[in-house]
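Printed here is upload.txt (compact mmCIF, C-alpha atoms and all ligand atoms):
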# COMPACT_ATOMS: atom_id res chain seq x y z
CA MET A 17 18.56 36.65 -32.68
CA ARG A 18 15.39 34.57 -32.82
CA ILE A 19 14.57 31.92 -30.21
CA ASP A 20 11.68 29.49 -30.78
CA ILE A 21 10.60 27.73 -27.59
CA ILE A 22 8.54 24.55 -27.89
CA THR A 23 6.53 23.65 -24.79
CA CYS A 24 3.25 22.13 -23.66
CA LEU A 25 2.90 24.92 -21.04
CA PRO A 26 3.29 28.11 -23.12
CA ARG A 27 1.51 30.39 -20.61
CA LEU A 28 4.27 29.67 -18.10
CA LEU A 29 6.66 31.77 -20.20
CA ASP A 30 4.41 34.75 -20.99
CA SER A 31 5.10 36.97 -18.00
CA PHE A 32 8.80 36.21 -18.07
CA PHE A 33 9.34 37.37 -21.64
CA GLY A 34 6.75 40.15 -21.35
CA GLN A 35 8.77 42.27 -18.92
CA SER A 36 11.99 44.09 -18.22
CA ILE A 37 15.15 43.66 -20.28
CA LEU A 38 13.72 40.82 -22.33
CA LYS A 39 10.67 42.86 -23.28
CA ARG A 40 12.85 45.86 -24.18
CA ALA A 41 15.18 43.71 -26.28
CA GLN A 42 12.19 42.45 -28.25
CA ASP A 43 10.63 45.92 -28.58
CA LYS A 44 13.93 47.22 -29.97
CA GLY A 45 13.98 44.37 -32.50
CA LEU A 46 17.22 42.92 -31.09
CA ALA A 47 15.67 39.62 -30.05
CA GLU A 48 12.54 37.73 -30.96
CA VAL A 49 11.19 35.00 -28.71
CA VAL A 50 8.36 32.90 -30.14
CA VAL A 51 6.65 30.37 -27.89
CA HIS A 52 4.93 27.40 -29.53
CA ASP A 53 2.26 25.29 -27.87
CA LEU A 54 3.05 21.65 -28.61
CA ARG A 55 -0.67 20.86 -28.44
CA ASP A 56 -1.22 22.93 -31.60
CA TYR A 57 0.86 20.42 -33.55
CA THR A 58 -0.39 17.07 -32.35
CA PRO A 59 -2.17 14.67 -34.74
CA HIS A 60 -3.78 12.94 -31.73
CA LYS A 61 -7.31 13.51 -30.52
CA GLY A 62 -7.98 15.65 -27.50
CA ARG A 63 -4.77 17.61 -28.15
CA GLN A 64 -2.84 14.77 -26.51
CA VAL A 65 0.96 15.20 -26.57
CA ASP A 66 2.19 12.56 -24.13
CA ASP A 67 1.67 8.88 -23.43
CA TYR A 68 2.76 6.06 -21.13
CA ALA A 69 6.30 4.76 -21.47
CA PHE A 70 6.75 1.49 -23.35
CA GLY A 71 7.98 -1.11 -20.89
CA GLY A 72 6.09 0.49 -18.04
CA GLY A 73 7.26 2.68 -15.18
CA ALA A 74 5.98 5.89 -13.67
CA GLY A 75 5.64 9.08 -15.68
CA MET A 76 4.48 10.19 -19.09
CA VAL A 77 6.69 10.71 -22.14
CA LEU A 78 6.24 13.43 -24.78
CA MET A 79 5.44 11.80 -28.12
CA ILE A 80 7.57 12.32 -31.20
CA GLU A 81 4.85 13.32 -33.72
CA PRO A 82 3.82 16.71 -32.27
CA ILE A 83 7.48 17.66 -31.80
CA ALA A 84 8.36 16.46 -35.32
CA ARG A 85 5.50 18.46 -36.85
CA CYS A 86 6.43 21.60 -34.96
CA LEU A 87 10.13 21.31 -35.84
CA ASP A 88 9.43 20.46 -39.49
CA THR A 89 7.22 23.56 -39.73
CA LEU A 90 9.89 25.78 -38.18
CA ARG A 91 12.72 24.31 -40.23
CA SER A 92 10.78 24.90 -43.45
CA GLN A 93 10.72 28.61 -42.55
CA ARG A 94 14.37 29.28 -41.68
CA ARG A 95 17.71 27.60 -41.01
CA TYR A 96 18.38 26.88 -37.34
CA ASP A 97 21.89 27.01 -35.88
CA GLU A 98 21.03 24.69 -33.00
CA ILE A 99 18.07 22.72 -31.70
CA LEU A 100 18.59 22.68 -27.96
CA TYR A 101 16.89 20.26 -25.62
CA VAL A 102 16.88 21.27 -21.97
CA THR A 103 17.26 18.25 -19.71
CA PRO A 104 18.88 17.41 -16.38
CA ASP A 105 21.19 14.91 -18.13
CA GLY A 106 22.54 17.55 -20.54
CA GLU A 107 25.83 19.41 -20.52
CA ASN A 108 26.09 21.95 -17.67
CA PHE A 109 25.18 25.47 -18.82
CA THR A 110 28.02 27.98 -18.29
CA GLN A 111 28.84 31.57 -19.25
CA ARG A 112 31.13 30.14 -21.93
CA ILE A 113 28.19 28.35 -23.56
CA ALA A 114 26.02 31.47 -23.19
CA ASN A 115 28.69 33.57 -24.95
CA HIS A 116 28.93 31.00 -27.75
CA LEU A 117 25.18 30.67 -28.30
CA SER A 118 24.61 34.44 -28.14
CA LEU A 119 26.39 34.71 -31.51
CA LYS A 120 23.80 32.48 -33.24
CA GLU A 121 20.98 33.77 -35.42
CA ASN A 122 18.19 31.18 -34.94
CA LEU A 123 17.78 28.78 -32.03
CA VAL A 124 15.11 26.30 -30.95
CA ILE A 125 14.73 25.36 -27.30
CA LEU A 126 12.67 22.23 -26.75
CA CYS A 127 11.21 21.81 -23.26
CA GLY A 128 10.61 18.36 -21.89
CA HIS A 129 8.00 17.56 -19.28
CA TYR A 130 7.07 14.62 -17.09
CA LYS A 131 9.66 11.92 -17.84
CA GLY A 132 11.04 13.78 -20.86
CA VAL A 133 10.75 13.22 -24.61
CA ASP A 134 10.81 10.05 -26.69
CA GLU A 135 14.49 9.19 -27.21
CA ARG A 136 14.03 9.30 -31.00
CA VAL A 137 13.43 13.07 -30.81
CA ARG A 138 16.90 13.45 -29.35
CA GLN A 139 18.41 11.18 -31.99
CA ARG A 140 16.76 12.82 -34.98
CA TYR A 141 16.43 16.50 -34.15
CA VAL A 142 18.37 17.69 -31.12
CA THR A 143 21.85 19.11 -31.74
CA ARG A 144 22.78 20.02 -28.17
CA GLU A 145 21.46 19.05 -24.72
CA ILE A 146 21.79 21.46 -21.83
CA SER A 147 21.14 21.27 -18.08
CA ILE A 148 21.03 24.35 -15.88
CA GLY A 149 22.28 22.54 -12.77
CA ASP A 150 22.37 19.34 -10.78
CA TYR A 151 18.79 19.31 -9.53
CA VAL A 152 15.51 18.31 -11.14
CA LEU A 153 12.78 20.74 -12.23
CA SER A 154 9.27 19.64 -13.13
CA GLY A 155 9.72 20.87 -16.70
CA GLY A 156 12.19 22.52 -19.05
CA GLU A 157 10.37 25.89 -19.18
CA LEU A 158 12.35 27.54 -16.41
CA ALA A 159 15.57 26.26 -17.95
CA ALA A 160 14.54 27.69 -21.34
CA ALA A 161 13.84 31.02 -19.66
CA VAL A 162 17.20 30.99 -17.87
CA ILE A 163 19.11 30.22 -21.06
CA SER A 164 17.20 32.80 -23.13
CA ASP A 165 17.86 35.49 -20.53
CA ALA A 166 21.57 34.68 -20.39
CA LEU A 167 21.84 34.92 -24.20
CA ILE A 168 19.66 37.96 -24.86
CA ARG A 169 21.36 40.21 -22.29
CA LEU A 170 24.62 39.65 -24.18
CA LEU A 171 23.28 40.98 -27.50
CA PRO A 172 24.76 44.35 -28.48
CA GLY A 173 22.40 47.18 -27.52
CA VAL A 174 20.30 45.20 -25.04
CA LEU A 175 21.95 46.46 -21.87
CA SER A 176 21.90 50.24 -21.53
CA ASP A 177 25.58 50.36 -20.60
CA GLU A 178 27.02 48.13 -23.29
CA THR A 179 30.16 47.39 -21.36
CA SER A 180 28.33 46.07 -18.32
CA ALA A 181 28.04 42.49 -19.57
CA LEU A 182 31.81 42.46 -19.94
CA THR A 183 32.27 43.04 -16.20
CA ASP A 184 29.83 40.30 -15.09
CA SER A 185 30.91 37.56 -12.79
CA PHE A 186 32.35 34.63 -14.80
CA GLN A 187 33.17 36.68 -17.92
CA ASP A 188 36.87 36.36 -17.06
CA ASP A 189 36.43 33.30 -14.82
CA LEU A 190 36.41 35.66 -11.81
CA LEU A 191 33.48 36.61 -9.61
CA ALA A 192 32.52 40.30 -9.76
CA PRO A 193 34.02 42.68 -7.16
CA PRO A 194 31.82 44.45 -4.55
CA VAL A 195 29.95 47.59 -5.66
CA TYR A 196 28.71 50.61 -3.69
CA THR A 197 26.48 53.61 -4.24
CA ARG A 198 25.32 56.60 -2.16
CA PRO A 199 25.57 57.32 0.71
CA ALA A 200 29.36 57.15 1.13
CA ASP A 201 28.80 56.65 4.88
CA PHE A 202 25.83 54.62 6.15
CA GLU A 203 25.74 54.62 9.97
CA GLY A 204 29.52 54.44 10.07
CA MET A 205 29.81 51.84 7.29
CA LYS A 206 32.14 53.61 4.89
CA VAL A 207 32.69 53.01 1.19
CA PRO A 208 36.33 52.03 0.49
CA GLU A 209 38.36 55.23 0.12
CA VAL A 210 39.89 54.24 -3.21
CA LEU A 211 36.47 54.26 -4.92
CA LEU A 212 36.02 57.93 -3.99
CA SER A 213 39.55 58.88 -5.10
CA GLY A 214 38.80 59.40 -8.79
CA HIS A 215 42.06 57.58 -9.52
CA GLU A 216 41.00 55.26 -12.34
CA ALA A 217 44.06 53.00 -12.44
CA ARG A 218 44.02 52.45 -8.69
CA ILE A 219 40.27 51.72 -8.78
CA GLU A 220 40.81 49.17 -11.56
CA GLN A 221 43.60 47.52 -9.58
CA TRP A 222 41.47 47.43 -6.40
CA ARG A 223 38.55 45.85 -8.27
CA PHE A 224 40.79 43.18 -9.76
CA GLU A 225 42.26 42.32 -6.34
CA GLN A 226 38.78 42.16 -4.79
CA ALA A 227 37.52 39.93 -7.60
CA LEU A 228 40.50 37.64 -7.17
CA GLU A 229 40.07 37.46 -3.39
CA ARG A 230 36.32 36.84 -3.63
CA THR A 231 36.90 34.07 -6.17
CA ARG A 232 39.67 32.52 -4.02
CA GLN A 233 37.30 32.41 -1.03
CA ARG A 234 34.05 31.37 -2.70
CA ARG A 235 34.90 29.57 -5.94
CA PRO A 236 38.54 28.39 -5.92
CA ASP A 237 37.55 25.90 -8.66
CA LEU A 238 37.28 28.85 -11.10
CA LEU A 239 40.91 29.80 -10.46
CA ASP A 240 42.03 26.26 -11.25
CA GLU A 241 40.24 26.55 -14.60
CA ARG A 242 42.11 29.80 -15.37
CA ALA A 243 45.51 28.21 -14.92
CL1 LIG B 301 17.00 21.68 -18.38
N1 LIG B 301 15.12 20.45 -17.07
C1 LIG B 301 14.63 19.89 -15.97
N2 LIG B 301 13.40 19.32 -16.02
N3 LIG B 301 15.28 19.86 -14.82
C2 LIG B 301 16.48 20.42 -14.81
C3 LIG B 301 17.06 21.02 -15.91
C4 LIG B 301 16.34 21.01 -17.04
N4 LIG B 301 18.28 21.50 -15.58
C5 LIG B 301 18.43 21.20 -14.31
N5 LIG B 301 17.35 20.55 -13.83
Can I see the file as structure tokens?
Ligand code: 6GU
Amino acid sequence: MRIDIITCLPRLLDSFFGQSILKRAQDKGLAEVVVHDLRDYTPHKGRQVDDYAFGGGAGMVLMIEPIARCLDTLRSQRRYDEILYVTPDGENFTQRIANHLSLKENLVILCGHYKGVDERVRQRYVTREISIGDYVLSGGELAAAVISDALIRLLPGVLSDETSALTDSFQDDLLAPPVYTRPADFEGMKVPEVLLSGHEARIEQWRFEQALERTRQRRPDLLDERA
């Protein structure tokens, strides 16, 4: 999978993609994340990429030309499955969407800033608009990082234990059950006996019941969706 991220603050993403699972996925050739500085594509002097909104009002708007040039360059190089725009008025990002997008070969994520992008960018180029929650961030970079992380960790071979993404919270519309490791007794706090029993079927059953109970208590809305 290749993800091209278009932003006017490219440095913001460097440390995120330069470490941990995301770094390893790229080193192994399973994922490629390429960050593009919008300022490299602008036809305007002084590397300007934004301007005042027509009609007035507070906040700057990203201009269409730098974005168009960047996207035209990318699209002349390969076929993109989706051009995503991250925005608070997009569709809410869920595990279902992450699963779906993780099967794609080439994605663009366009980050807005200030008051967003010229509406004509959305009309001409964007194929899907995604929000990562009902709150406002100062730019789309964190959202692009969140989405990229959620997709890349699902790619085969990225996680060391390949089955572990399958037991995540939300993968079956249930929250994950509690987990324990050594010591089996910490100052009288004991690990549930069943987990030490070696009885695989009983452990599986216990985990399912715990997941169900945890979901019932914390996120009953997920159980409604299952029905
Ligand atoms: Cl994708 N962008 C911004 N700026 N704020 C957000 C968001 C995205 N998702 C939630 N809040």
*Measuring atom to atom with all atoms listed in the file, identify which of A:Ile83, A:Ile168, A:Leu239, A:Leu90 is nearest to Leu191 in chain A.*
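Residue with the minimum atom-to-atom distance to Leu191 in chain A: A:Leu239.
Minimum atom-to-atom distance to Ala74 in chain A, evaluated using all atoms listed in the file, belongs to A:Tyr130 out of A:Tyr151, A:Phe32, A:Tyr130, A:Tyr196.
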What are the closest atom pairs, with distances in Å to one decimal, for each residue of chain A lying within 7 Å of ligand LIG 301 (chain B), using all atoms listed in the file, rows by chain and rising residue number, as a tab-separated table?
residue	atom	partner	partner_atom	distance
A:Val102	CA	B:LIG301	CL1	3.6
A:Thr103	CA	B:LIG301	CL1	3.7
A:Pro104	CA	B:LIG301	C3	4.1
A:Gly128	CA	B:LIG301	N2	6.6
A:His129	CA	B:LIG301	N2	6.5
A:Ile146	CA	B:LIG301	CL1	5.9
A:Ser147	CA	B:LIG301	N4	3.8
A:Ile148	CA	B:LIG301	N4	4.0
A:Gly149	CA	B:LIG301	C5	4.4
A:Asp150	CA	B:LIG301	C5	5.6
A:Tyr151	CA	B:LIG301	N5	4.7
A:Val152	CA	B:LIG301	N5	4.0
A:Leu153	CA	B:LIG301	N3	3.7
A:Ser154	CA	B:LIG301	N2	5.1
A:Gly155	CA	B:LIG301	N2	4.1
A:Gly156	CA	B:LIG301	N1	4.1
A:Ala159	CA	B:LIG301	CL1	4.8
*Report the distance between CA of Asp66 in chain A and CA of Met79 in chain A in Å, rounded to one decimal place.*
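These atoms are spaced 5.2 Å apart.
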*Residue among A:Thr89, A:Tyr101, A:Asn115, A:Val77 lying closest to Lys131 in chain A, counting only C-alpha atoms*: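 Of all the options, A:Val77 lies closest to Lys131 in chain A.
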Can you put N, CA and C atoms back into range 139-169 of chain A and show it as a PDB file, keeping the file's coordinate frame?
ATOM      1  N   GLN A 139      17.561  11.752 -30.939  1.00  0.00           N
ATOM      2  CA  GLN A 139      18.410  11.180 -31.990  1.00  0.00           C
ATOM      3  C   GLN A 139      18.241  11.924 -33.317  1.00  0.00           C
ATOM      4  N   ARG A 140      16.996  12.266 -33.646  1.00  0.00           N
ATOM      5  CA  ARG A 140      16.760  12.820 -34.980  1.00  0.00           C
ATOM      6  C   ARG A 140      16.945  14.329 -35.066  1.00  0.00           C
ATOM      7  N   TYR A 141      16.541  15.039 -34.018  1.00  0.00           N
ATOM      8  CA  TYR A 141      16.430  16.500 -34.150  1.00  0.00           C
ATOM      9  C   TYR A 141      17.410  17.313 -33.305  1.00  0.00           C
ATOM     10  N   VAL A 142      17.662  16.831 -32.088  1.00  0.00           N
ATOM     11  CA  VAL A 142      18.370  17.690 -31.120  1.00  0.00           C
ATOM     12  C   VAL A 142      19.850  17.751 -31.450  1.00  0.00           C
ATOM     13  N   THR A 143      20.421  18.966 -31.435  1.00  0.00           N
ATOM     14  CA  THR A 143      21.850  19.110 -31.740  1.00  0.00           C
ATOM     15  C   THR A 143      22.679  19.356 -30.484  1.00  0.00           C
ATOM     16  N   ARG A 144      22.025  19.763 -29.396  1.00  0.00           N
ATOM     17  CA  ARG A 144      22.780  20.020 -28.170  1.00  0.00           C
ATOM     18  C   ARG A 144      21.845  19.920 -26.982  1.00  0.00           C
ATOM     19  N   GLU A 145      22.289  19.263 -25.906  1.00  0.00           N
ATOM     20  CA  GLU A 145      21.460  19.050 -24.720  1.00  0.00           C
ATOM     21  C   GLU A 145      22.073  19.777 -23.545  1.00  0.00           C
ATOM     22  N   ILE A 146      21.258  20.582 -22.873  1.00  0.00           N
ATOM     23  CA  ILE A 146      21.790  21.460 -21.830  1.00  0.00           C
ATOM     24  C   ILE A 146      20.991  21.305 -20.538  1.00  0.00           C
ATOM     25  N   SER A 147      21.727  21.250 -19.430  1.00  0.00           N
ATOM     26  CA  SER A 147      21.140  21.270 -18.080  1.00  0.00           C
ATOM     27  C   SER A 147      21.518  22.585 -17.425  1.00  0.00           C
ATOM     28  N   ILE A 148      20.649  23.128 -16.581  1.00  0.00           N
ATOM     29  CA  ILE A 148      21.030  24.350 -15.880  1.00  0.00           C
ATOM     30  C   ILE A 148      21.496  24.078 -14.453  1.00  0.00           C
ATOM     31  N   GLY A 149      21.735  22.826 -14.092  1.00  0.00           N
ATOM     32  CA  GLY A 149      22.280  22.540 -12.770  1.00  0.00           C
ATOM     33  C   GLY A 149      21.900  21.141 -12.305  1.00  0.00           C
ATOM     34  N   ASP A 150      22.564  20.702 -11.253  1.00  0.00           N
ATOM     35  CA  ASP A 150      22.370  19.340 -10.780  1.00  0.00           C
ATOM     36  C   ASP A 150      21.214  19.254  -9.788  1.00  0.00           C
ATOM     37  N   TYR A 151      20.024  19.439 -10.296  1.00  0.00           N
ATOM     38  CA  TYR A 151      18.790  19.310  -9.530  1.00  0.00           C
ATOM     39  C   TYR A 151      17.710  19.081 -10.578  1.00  0.00           C
ATOM     40  N   VAL A 152      16.543  18.616 -10.156  1.00  0.00           N
ATOM     41  CA  VAL A 152      15.510  18.310 -11.140  1.00  0.00           C
ATOM     42  C   VAL A 152      14.342  19.286 -11.014  1.00  0.00           C
ATOM     43  N   LEU A 153      13.954  19.867 -12.158  1.00  0.00           N
ATOM     44  CA  LEU A 153      12.780  20.740 -12.230  1.00  0.00           C
ATOM     45  C   LEU A 153      11.629  19.918 -12.803  1.00  0.00           C
ATOM     46  N   SER A 154      10.413  20.422 -12.643  1.00  0.00           N
ATOM     47  CA  SER A 154       9.270  19.640 -13.130  1.00  0.00           C
ATOM     48  C   SER A 154       9.091  19.770 -14.637  1.00  0.00           C
ATOM     49  N   GLY A 155       9.788  20.736 -15.247  1.00  0.00           N
ATOM     50  CA  GLY A 155       9.720  20.870 -16.700  1.00  0.00           C
ATOM     51  C   GLY A 155      10.874  21.719 -17.181  1.00  0.00           C
ATOM     52  N   GLY A 156      11.063  21.777 -18.489  1.00  0.00           N
ATOM     53  CA  GLY A 156      12.190  22.520 -19.050  1.00  0.00           C
ATOM     54  C   GLY A 156      11.936  24.014 -19.214  1.00  0.00           C
ATOM     55  N   GLU A 157      10.715  24.485 -18.897  1.00  0.00           N
ATOM     56  CA  GLU A 157      10.370  25.890 -19.180  1.00  0.00           C
ATOM     57  C   GLU A 157      11.262  26.877 -18.438  1.00  0.00           C
ATOM     58  N   LEU A 158      11.489  26.622 -17.157  1.00  0.00           N
ATOM     59  CA  LEU A 158      12.350  27.540 -16.410  1.00  0.00           C
ATOM     60  C   LEU A 158      13.769  27.526 -16.967  1.00  0.00           C
ATOM     61  N   ALA A 159      14.234  26.352 -17.357  1.00  0.00           N
ATOM     62  CA  ALA A 159      15.570  26.260 -17.950  1.00  0.00           C
ATOM     63  C   ALA A 159      15.635  27.034 -19.261  1.00  0.00           C
ATOM     64  N   ALA A 160      14.580  26.943 -20.072  1.00  0.00           N
ATOM     65  CA  ALA A 160      14.540  27.690 -21.340  1.00  0.00           C
ATOM     66  C   ALA A 160      14.563  29.189 -21.070  1.00  0.00           C
ATOM     67  N   ALA A 161      13.850  29.605 -20.022  1.00  0.00           N
ATOM     68  CA  ALA A 161      13.840  31.020 -19.660  1.00  0.00           C
ATOM     69  C   ALA A 161      15.215  31.478 -19.185  1.00  0.00           C
ATOM     70  N   VAL A 162      15.859  30.665 -18.380  1.00  0.00           N
ATOM     71  CA  VAL A 162      17.200  30.990 -17.870  1.00  0.00           C
ATOM     72  C   VAL A 162      18.179  31.140 -19.029  1.00  0.00           C
ATOM     73  N   ILE A 163      18.166  30.186 -19.936  1.00  0.00           N
ATOM     74  CA  ILE A 163      19.110  30.220 -21.060  1.00  0.00           C
ATOM     75  C   ILE A 163      18.822  31.418 -21.961  1.00  0.00           C
ATOM     76  N   SER A 164      17.550  31.669 -22.266  1.00  0.00           N
ATOM     77  CA  SER A 164      17.200  32.800 -23.130  1.00  0.00           C
ATOM     78  C   SER A 164      17.657  34.117 -22.512  1.00  0.00           C
ATOM     79  N   ASP A 165      17.437  34.274 -21.219  1.00  0.00           N
ATOM     80  CA  ASP A 165      17.860  35.490 -20.530  1.00  0.00           C
ATOM     81  C   ASP A 165      19.367  35.673 -20.626  1.00  0.00           C
ATOM     82  N   ALA A 166      20.104  34.603 -20.369  1.00  0.00           N
ATOM     83  CA  ALA A 166      21.570  34.680 -20.390  1.00  0.00           C
ATOM     84  C   ALA A 166      22.088  35.058 -21.779  1.00  0.00           C
ATOM     85  N   LEU A 167      21.396  34.610 -22.828  1.00  0.00           N
ATOM     86  CA  LEU A 167      21.840  34.920 -24.200  1.00  0.00           C
ATOM     87  C   LEU A 167      21.445  36.342 -24.593  1.00  0.00           C
ATOM     88  N   ILE A 168      20.187  36.697 -24.332  1.00  0.00           N
ATOM     89  CA  ILE A 168      19.660  37.960 -24.860  1.00  0.00           C
ATOM     90  C   ILE A 168      20.361  39.156 -24.218  1.00  0.00           C
ATOM     91  N   ARG A 169      20.700  39.066 -22.937  1.00  0.00           N
ATOM     92  CA  ARG A 169      21.360  40.210 -22.290  1.00  0.00           C
ATOM     93  C   ARG A 169      22.757  40.460 -22.857  1.00  0.00           C
TER      94      ARG A 169
END
